[in-house]
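Participant: Quick one, query13.cif (mmCIF, C-alpha atoms):
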data_start
loop_
_atom_site.label_atom_id
_atom_site.label_comp_id
_atom_site.auth_asym_id
_atom_site.auth_seq_id
_atom_site.Cartn_x
_atom_site.Cartn_y
_atom_site.Cartn_z
CA MET A 1 -29.31 22.51 -14.86
CA LYS A 2 -29.67 25.01 -12.08
CA LYS A 3 -32.53 22.97 -10.70
CA HIS A 4 -30.30 19.86 -10.48
CA ASP A 5 -27.47 21.90 -9.00
CA GLY A 6 -29.80 23.24 -6.32
CA LEU A 7 -31.02 19.71 -5.53
CA ASN A 8 -27.45 18.49 -5.28
CA HIS A 9 -26.61 21.33 -2.88
CA VAL A 10 -29.60 20.44 -0.72
CA CYS A 11 -28.62 16.76 -0.65
CA ARG A 12 -25.06 17.63 0.25
CA LEU A 13 -26.27 19.94 3.01
CA PHE A 14 -28.58 17.22 4.35
CA VAL A 15 -25.72 14.69 4.40
CA ILE A 16 -23.46 17.19 6.17
CA LEU A 17 -26.13 17.96 8.78
CA LEU A 18 -26.87 14.26 9.32
CA ALA A 19 -23.18 13.48 9.77
CA GLY A 20 -22.80 16.40 12.15
CA ALA A 21 -25.80 15.29 14.20
CA THR A 22 -24.43 11.72 14.41
CA LEU A 23 -21.01 12.93 15.55
CA SER A 24 -22.63 15.25 18.11
CA LEU A 25 -24.75 12.40 19.50
CA ARG A 26 -21.73 10.12 19.79
CA GLY A 27 -19.79 12.88 21.49
CA ALA A 28 -22.61 13.45 23.98
CA GLU A 29 -22.71 9.76 24.81
CA ALA A 30 -18.94 9.69 25.30
CA VAL A 31 -19.15 12.68 27.64
CA SER A 32 -22.10 11.31 29.58
CA GLU A 33 -20.57 7.87 30.22
CA PRO A 34 -17.86 9.06 32.64
CA VAL A 35 -20.45 11.02 34.61
CA LEU A 36 -22.64 7.94 35.01
CA ASN A 37 -20.01 5.27 35.35
CA ASN A 38 -16.82 6.90 36.64
CA ASN A 39 -15.98 8.38 40.01
CA SER A 40 -13.79 11.39 40.73
CA THR A 41 -10.64 9.33 40.36
CA GLY A 42 -11.51 8.36 36.80
CA SER A 43 -12.02 4.67 37.65
CA PRO A 44 -15.36 2.82 37.60
CA PRO A 45 -17.30 2.96 40.87
CA PHE A 46 -17.07 -0.24 42.88
CA ILE A 47 -19.53 -1.33 45.55
CA SER A 48 -17.88 -4.11 47.50
CA SER A 49 -19.96 -7.25 47.97
CA GLU A 50 -18.18 -7.58 51.31
CA THR A 51 -19.87 -4.49 52.72
CA SER A 52 -23.30 -5.20 51.24
CA ILE A 53 -24.07 -7.70 54.01
CA TRP A 54 -24.20 -4.88 56.58
CA GLU A 55 -27.14 -2.61 57.29
CA ALA A 56 -25.02 0.49 57.95
CA GLY A 57 -21.36 -0.42 58.14
CA VAL A 58 -19.36 -3.23 59.70
CA GLY A 59 -20.89 -4.45 62.95
CA GLU A 60 -24.04 -2.33 62.65
CA GLY A 61 -26.34 -5.28 61.98
CA PHE A 62 -26.89 -7.48 58.94
CA ARG A 63 -29.11 -6.76 55.98
CA ARG A 64 -32.25 -8.83 55.64
CA GLY A 65 -31.66 -11.89 53.46
CA THR A 66 -27.90 -12.09 54.13
CA HIS A 67 -26.78 -15.71 53.87
CA THR A 68 -24.15 -17.50 55.93
CA LEU A 69 -22.05 -20.60 55.41
CA GLY A 70 -19.95 -21.98 58.24
CA ILE A 71 -17.73 -24.87 59.28
CA SER A 72 -16.64 -25.67 62.81
CA THR A 73 -14.97 -28.33 64.89
CA GLY A 74 -14.56 -28.99 68.58
CA ALA A 75 -14.67 -31.38 71.50
CA GLY A 76 -16.42 -31.59 74.81
CA PHE A 77 -16.54 -33.32 78.15
CA GLY A 78 -19.59 -35.19 79.28
CA VAL A 79 -21.49 -34.38 82.46
CA ALA A 80 -23.64 -36.89 84.32
CA VAL A 81 -26.69 -34.69 84.99
CA PHE A 82 -30.46 -34.87 84.50
CA GLY A 83 -30.46 -38.62 85.14
CA GLY A 84 -27.49 -39.58 82.94
CA ARG A 85 -25.12 -42.09 84.50
CA LEU A 86 -22.00 -41.71 82.33
CA GLU A 87 -19.84 -38.82 81.18
CA HIS A 88 -19.79 -38.97 77.38
CA ASP A 89 -16.84 -37.11 75.81
CA LEU A 90 -17.42 -36.17 72.16
CA ALA A 91 -15.49 -34.74 69.21
CA LEU A 92 -17.59 -33.18 66.44
CA MET A 93 -17.38 -31.37 63.12
CA SER A 94 -20.28 -29.43 61.60
CA VAL A 95 -21.38 -27.54 58.50
CA ASP A 96 -24.16 -24.96 58.70
CA TYR A 97 -26.09 -22.70 56.37
CA GLY A 98 -28.19 -19.74 57.50
CA CYS A 99 -30.16 -16.68 56.48
CA MET A 100 -31.06 -13.43 58.25
CA ILE A 101 -34.86 -13.50 58.45
CA GLY A 102 -35.29 -9.79 59.09
CA GLY A 103 -33.57 -6.45 59.38
CA VAL A 104 -32.02 -4.99 62.52
CA LYS A 105 -34.27 -5.24 65.58
CA GLY A 106 -34.22 -3.25 68.81
CA GLU A 107 -32.89 0.02 67.45
CA SER A 108 -31.49 2.28 70.21
CA HIS A 109 -31.43 -0.64 72.68
CA TRP A 110 -28.55 -2.71 74.05
CA TYR A 111 -29.97 -5.86 72.43
CA ARG A 112 -30.01 -4.41 68.90
CA GLY A 113 -29.33 -7.16 66.35
CA ASN A 114 -30.65 -9.73 63.86
CA TRP A 115 -32.53 -13.01 63.99
CA GLU A 116 -31.02 -15.77 61.87
CA ILE A 117 -32.40 -19.20 60.98
CA ARG A 118 -29.77 -21.90 60.42
CA GLY A 119 -29.52 -25.55 59.46
CA GLU A 120 -26.63 -27.65 60.80
CA LEU A 121 -25.28 -31.05 59.79
CA PHE A 122 -22.84 -32.48 62.33
CA GLY A 123 -20.94 -35.68 62.82
CA GLY A 124 -18.22 -37.15 64.97
CA ALA A 125 -17.45 -39.70 67.62
CA GLU A 126 -17.56 -40.50 71.29
CA PHE A 127 -14.01 -41.08 72.56
CA ALA A 128 -14.85 -41.83 76.22
CA PRO A 129 -16.05 -43.92 77.97
CA GLY A 130 -16.41 -45.88 74.71
CA LYS A 131 -15.77 -45.34 71.01
CA GLU A 132 -18.93 -44.82 68.99
CA TRP A 133 -20.17 -42.68 66.10
CA VAL A 134 -22.77 -39.91 66.05
CA VAL A 135 -24.38 -37.80 63.27
CA GLY A 136 -27.20 -35.28 63.44
CA LEU A 137 -29.27 -32.68 61.63
CA THR A 138 -30.52 -29.63 63.54
CA PRO A 139 -32.42 -26.43 62.67
CA HIS A 140 -31.29 -23.46 64.80
CA LEU A 141 -32.51 -20.00 65.69
CA ARG A 142 -29.73 -17.51 66.41
CA TYR A 143 -29.69 -13.90 67.57
CA ASN A 144 -26.68 -11.82 66.47
CA PHE A 145 -26.01 -8.67 68.51
CA ALA A 146 -25.08 -5.51 66.60
CA THR A 147 -22.17 -3.98 68.51
CA GLY A 148 -20.79 -1.56 65.95
CA THR A 149 -17.47 -3.44 66.08
CA ARG A 150 -15.96 -6.49 64.39
CA TRP A 151 -16.90 -8.60 67.46
CA ILE A 152 -20.47 -9.92 67.14
CA PRO A 153 -21.76 -11.98 70.12
CA PHE A 154 -24.66 -14.38 69.62
CA LEU A 155 -27.12 -16.65 71.41
CA ASP A 156 -28.25 -19.84 69.70
CA GLY A 157 -30.69 -22.70 70.25
CA GLY A 158 -31.77 -25.71 68.23
CA ALA A 159 -33.55 -29.07 68.24
CA GLY A 160 -33.14 -31.89 65.73
CA VAL A 161 -32.60 -35.58 65.07
CA THR A 162 -29.57 -37.77 65.65
CA ALA A 163 -28.32 -41.24 64.75
CA THR A 164 -25.67 -42.79 66.99
CA GLY A 165 -24.02 -46.02 68.03
CA ILE A 166 -24.00 -44.91 71.68
CA GLY A 167 -26.35 -47.11 73.68
CA PRO A 168 -27.16 -48.16 77.29
CA PRO A 169 -27.11 -47.21 80.02
CA ASP A 170 -27.97 -43.64 78.92
CA LEU A 171 -29.35 -44.08 75.39
CA SER A 172 -31.59 -46.78 73.98
CA ASN A 173 -31.13 -47.21 70.21
CA THR A 174 -29.82 -45.64 67.00
CA PHE A 175 -32.46 -42.93 66.68
CA GLU A 176 -32.31 -40.05 69.17
CA PHE A 177 -33.32 -36.40 69.36
CA ASN A 178 -30.84 -33.62 70.09
CA LEU A 179 -31.24 -30.33 71.93
CA GLN A 180 -28.60 -27.62 71.74
CA ALA A 181 -27.98 -24.27 73.40
CA SER A 182 -24.92 -22.13 72.83
CA THR A 183 -23.36 -18.72 73.14
CA GLY A 184 -20.33 -17.34 71.41
CA VAL A 185 -18.74 -14.54 69.46
CA GLN A 186 -17.75 -13.94 65.85
CA TRP A 187 -14.65 -11.93 65.05
CA PHE A 188 -14.82 -10.49 61.53
CA VAL A 189 -11.28 -10.72 60.18
CA LYS A 190 -12.72 -9.45 56.87
CA ASN A 191 -15.97 -7.66 56.17
CA ASN A 192 -17.60 -10.91 55.08
CA CYS A 193 -15.57 -13.57 56.93
CA ALA A 194 -15.50 -14.31 60.64
CA VAL A 195 -13.72 -16.60 63.09
CA THR A 196 -16.31 -18.15 65.41
CA LEU A 197 -15.76 -19.18 69.03
CA GLU A 198 -18.62 -21.03 70.69
CA ALA A 199 -19.53 -22.76 73.95
CA ARG A 200 -22.25 -25.36 73.38
CA TRP A 201 -24.40 -27.66 75.48
CA LEU A 202 -25.55 -30.80 73.65
CA HIS A 203 -28.24 -33.18 74.91
CA LEU A 204 -29.27 -36.48 73.31
CA SER A 205 -32.29 -38.58 74.27
CA CYS A 206 -35.23 -40.35 72.62
CA ALA A 207 -38.04 -38.42 74.37
CA GLY A 208 -39.35 -41.59 75.98
CA ILE A 209 -39.95 -43.47 72.71
CA SER A 210 -37.92 -46.38 74.08
CA THR A 211 -35.90 -47.27 77.17
CA PRO A 212 -33.48 -46.52 78.64
CA ASN A 213 -33.91 -42.78 78.19
CA LEU A 214 -31.56 -41.26 80.77
CA GLY A 215 -29.88 -39.01 78.21
CA LEU A 216 -26.42 -37.86 77.20
CA ASN A 217 -25.14 -34.39 78.13
CA THR A 218 -21.93 -32.80 76.91
CA VAL A 219 -20.46 -29.30 77.23
CA MET A 220 -18.41 -28.46 74.13
CA GLY A 221 -16.01 -25.84 72.86
CA MET A 222 -16.18 -25.12 69.11
CA VAL A 223 -14.06 -23.03 66.76
CA GLY A 224 -14.86 -22.32 63.13
CA LEU A 225 -15.06 -20.01 60.13
CA SER A 226 -18.18 -18.34 58.72
CA TRP A 227 -18.70 -16.61 55.36
CA TYR A 228 -21.43 -14.04 54.70
CA PHE A 229 -22.90 -13.18 51.32
#
Show how you would write the structure in this file as structure tokens.
Facilitator:
Amino acid sequence: MKKHDGLNHVCRLFVILLAGATLSLRGAEAVSEPVLNNNSTGSPPFISSETSIWEAGVGEGFRRGTHTLGISTGAGFGVAVFGGRLEHDLALMSVDYGCMIGGVKGESHWYRGNWEIRGELFGGAEFAPGKEWVVGLTPHLRYNFATGTRWIPFLDGGAGVTATGIGPPDLSNTFEFNLQASTGVQWFVKNNCAVTLEARWLHLSCAGISTPNLGLNTVMGMVGLSWYF
């Protein structure tokens, strides 16, 4: 009888110890969770996706792999230069997608910034001297200057393909190439959203594939919005 009583006491003690160990473990987990997951204010830590695009704060250069999505619209006045005979006035809209292909370059220099590769799809119309359509697809290379402010200037260049109804005397047929060069500035109204102002030179020609090949040249002003993620 005493043997069974002793065994019962041991079993009860084992159950009590097991229950105590379980409660202690749960209590340790409950105590450790706020340390790992909560900040000093008692709320979960939050790393904003808006600030993650920056290397070291707003305006200090973009992180490598940051993506961009932009839309813009504008109009321009043609210039009869480089052999072109007419002044072709255009109105365009564009959508572009880009990616920062490296981290911040030129540390401690005035040209500190990021290289970005972009793809642009644009379309619109000539409204003088005639009324014709134009669409194009252009890869771009852009350099964004890191200023340490919400104003980020850039230089941009691209070359692509174009289809248009504009013809002689300056262009020959539907298929043309396009060359672009631009400069502008982005004003970050939010940490990941910017208003873009841009001055752009646009050239269309067929590179001598057919004639005439005098070329179209237009200086444009563009305004748009860009999102970074």
Participant: Using only C-alpha atoms, which of A:Met93, A:Arg112, A:Gly70, A:Val135 sits nearest Thr196 (chain A)?
Facilitator: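 Closest to Thr196 (chain A) of all the choices is A:Gly70.
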Participant: Mind checking which residues fall within 7 Å of Glu126 (chain A), counting all atoms listed in the file, ignoring those fewer than 4 positions away in the same chain, and posting them as a list in words?
Facilitator: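 What passes the distance filter is His88, Asp89, Leu90, Ala91, Gly130, Lys131, Glu132 and Trp133 of chain A.
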Participant: Counting all atoms listed in the file, which of A:Phe62, A:Phe127, A:Ser52, A:Glu120 gets nearest to Phe145 (chain A)?
Facilitator: A:Phe62
Participant: Go through A:Val161, A:Met220, A:Ala128, A:Met100 one by one, measure the shortest atom-to-atom distance of each to Asn178 (chain A) using all atoms listed in the file, and give the residue with the smallest value.
Facilitator: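 Closest to Asn178 (chain A) of all the choices is A:Val161.
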Participant: Between CA of Pro169 (chain A) and CA of Gly221 (chain A), what is the distance, to one decimal in Å?
Facilitator: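 Answer for the CA of Pro169 (chain A) to CA of Gly221 (chain A) separation: 25.1 Å.
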Participant: Excluding same-chain residues fewer than 4 positions from Thr211 (chain A), what lies within 9 Å of it counting all atoms listed in the file, as number ranges by chain?
Facilitator: A: 168, 170-173, 206
Participant: For the residues in that selection, give me C-alpha atoms as an mmCIF file, in the frame of the given file.
Facilitator:
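Full text of again00.cif as output:
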data_model
loop_
_atom_site.group_PDB
_atom_site.id
_atom_site.type_symbol
_atom_site.label_atom_id
_atom_site.label_comp_id
_atom_site.auth_asym_id
_atom_site.auth_seq_id
_atom_site.Cartn_x
_atom_site.Cartn_y
_atom_site.Cartn_z
ATOM 1 C CA PRO A 168 -27.160 -48.160 77.290
ATOM 2 C CA ASP A 170 -27.970 -43.640 78.920
ATOM 3 C CA LEU A 171 -29.350 -44.080 75.390
ATOM 4 C CA SER A 172 -31.590 -46.780 73.980
ATOM 5 C CA ASN A 173 -31.130 -47.210 70.210
ATOM 6 C CA CYS A 206 -35.230 -40.350 72.620
#
Participant: Within 10 Å of Cys193 (chain A), counting all atoms listed in the file, which residues qualify if same-chain residues fewer than 4 places away don't, as a list of chain:residue names?
Facilitator: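 My list of contacting residues is A:Glu50, A:Thr68, A:Leu69, A:Gly70, A:Gln186, A:Trp187, A:Phe188, A:Val189, A:Leu225, A:Ser226, A:Trp227, A:Tyr228, A:Phe229.
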Participant: Just give me the gap between CA of Ala163 (chain A) and CA of Phe175 (chain A) in Å, one decimal is fine.
Facilitator: 4.9 Å
Participant: One number please: CA of Pro139 (chain A) to CA of Gly158 (chain A), in Å, one decimal.
Facilitator: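 Interatomic distance, CA of Pro139 (chain A) to CA of Gly158 (chain A): 5.6 Å.
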Participant: Could you list the residues chosen by the PyMOL selection byres ((chain A and resi 201) around 6) in this structure as a count of residues only?
Facilitator: 6
Participant: Kindly resolve the PyMOL selection byres ((chain A and resi 63) around 6) on the present coordinates and return the residues as a list of chain:residue names.
Facilitator: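 What the PyMOL selection byres ((chain A and resi 63) around 6) grabs from the file is A:Ile53, A:Trp54, A:Glu55, A:Phe62, A:Arg64, A:Thr66, A:Gly103.
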Participant: Could you tell me which of A:Thr162, A:Thr73, A:Thr147, A:Thr138 comes closest to Ala56 (chain A) if we count all atoms listed in the file?
Facilitator: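 Result for the nearest residue to Ala56 (chain A): A:Thr147.
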Participant: Restricting the calculation to all atoms listed in the file, which member of A:Leu216, A:Ala125, A:Ala146, A:Ile71 is positioned closest to Gly106 (chain A)?
Facilitator: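 Using all atoms listed in the file, Gly106 (chain A) sits closest to A:Ala146.
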Participant: Which residue gives the smallest distance to Trp115 (chain A) among A:Asn144, A:Ser94, A:Ser205, A:Asn213, with only C-alpha atoms counted?
Facilitator: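 Selected residue with least distance to Trp115 (chain A): A:Asn144.
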Participant: Once the PyMOL selection byres ((chain A and resi 59) around 7) has been evaluated on this model, what residues remain selected, and can you format them as a ChimeraX atom specification?
Facilitator: /A:57-58,60-61,146-150,152
Participant: Show me, as an mmCIF file with C-alpha atoms, in the coordinates of the input, the residues that have an atom within 7 Å of Asn217 (chain A) when counting only C-alpha atoms, minus same-chain residues fewer than 5 positions from it.
Facilitator:
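Wrote around-v7.cif, looks like this:
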data_model
loop_
_atom_site.group_PDB
_atom_site.id
_atom_site.type_symbol
_atom_site.label_atom_id
_atom_site.label_comp_id
_atom_site.auth_asym_id
_atom_site.auth_seq_id
_atom_site.Cartn_x
_atom_site.Cartn_y
_atom_site.Cartn_z
ATOM 1 C CA GLY A 78 -19.590 -35.190 79.280
ATOM 2 C CA VAL A 79 -21.490 -34.380 82.460
ATOM 3 C CA ALA A 80 -23.640 -36.890 84.320
ATOM 4 C CA LEU A 202 -25.550 -30.800 73.650
ATOM 5 C CA HIS A 203 -28.240 -33.180 74.910
ATOM 6 C CA LEU A 204 -29.270 -36.480 73.310
#
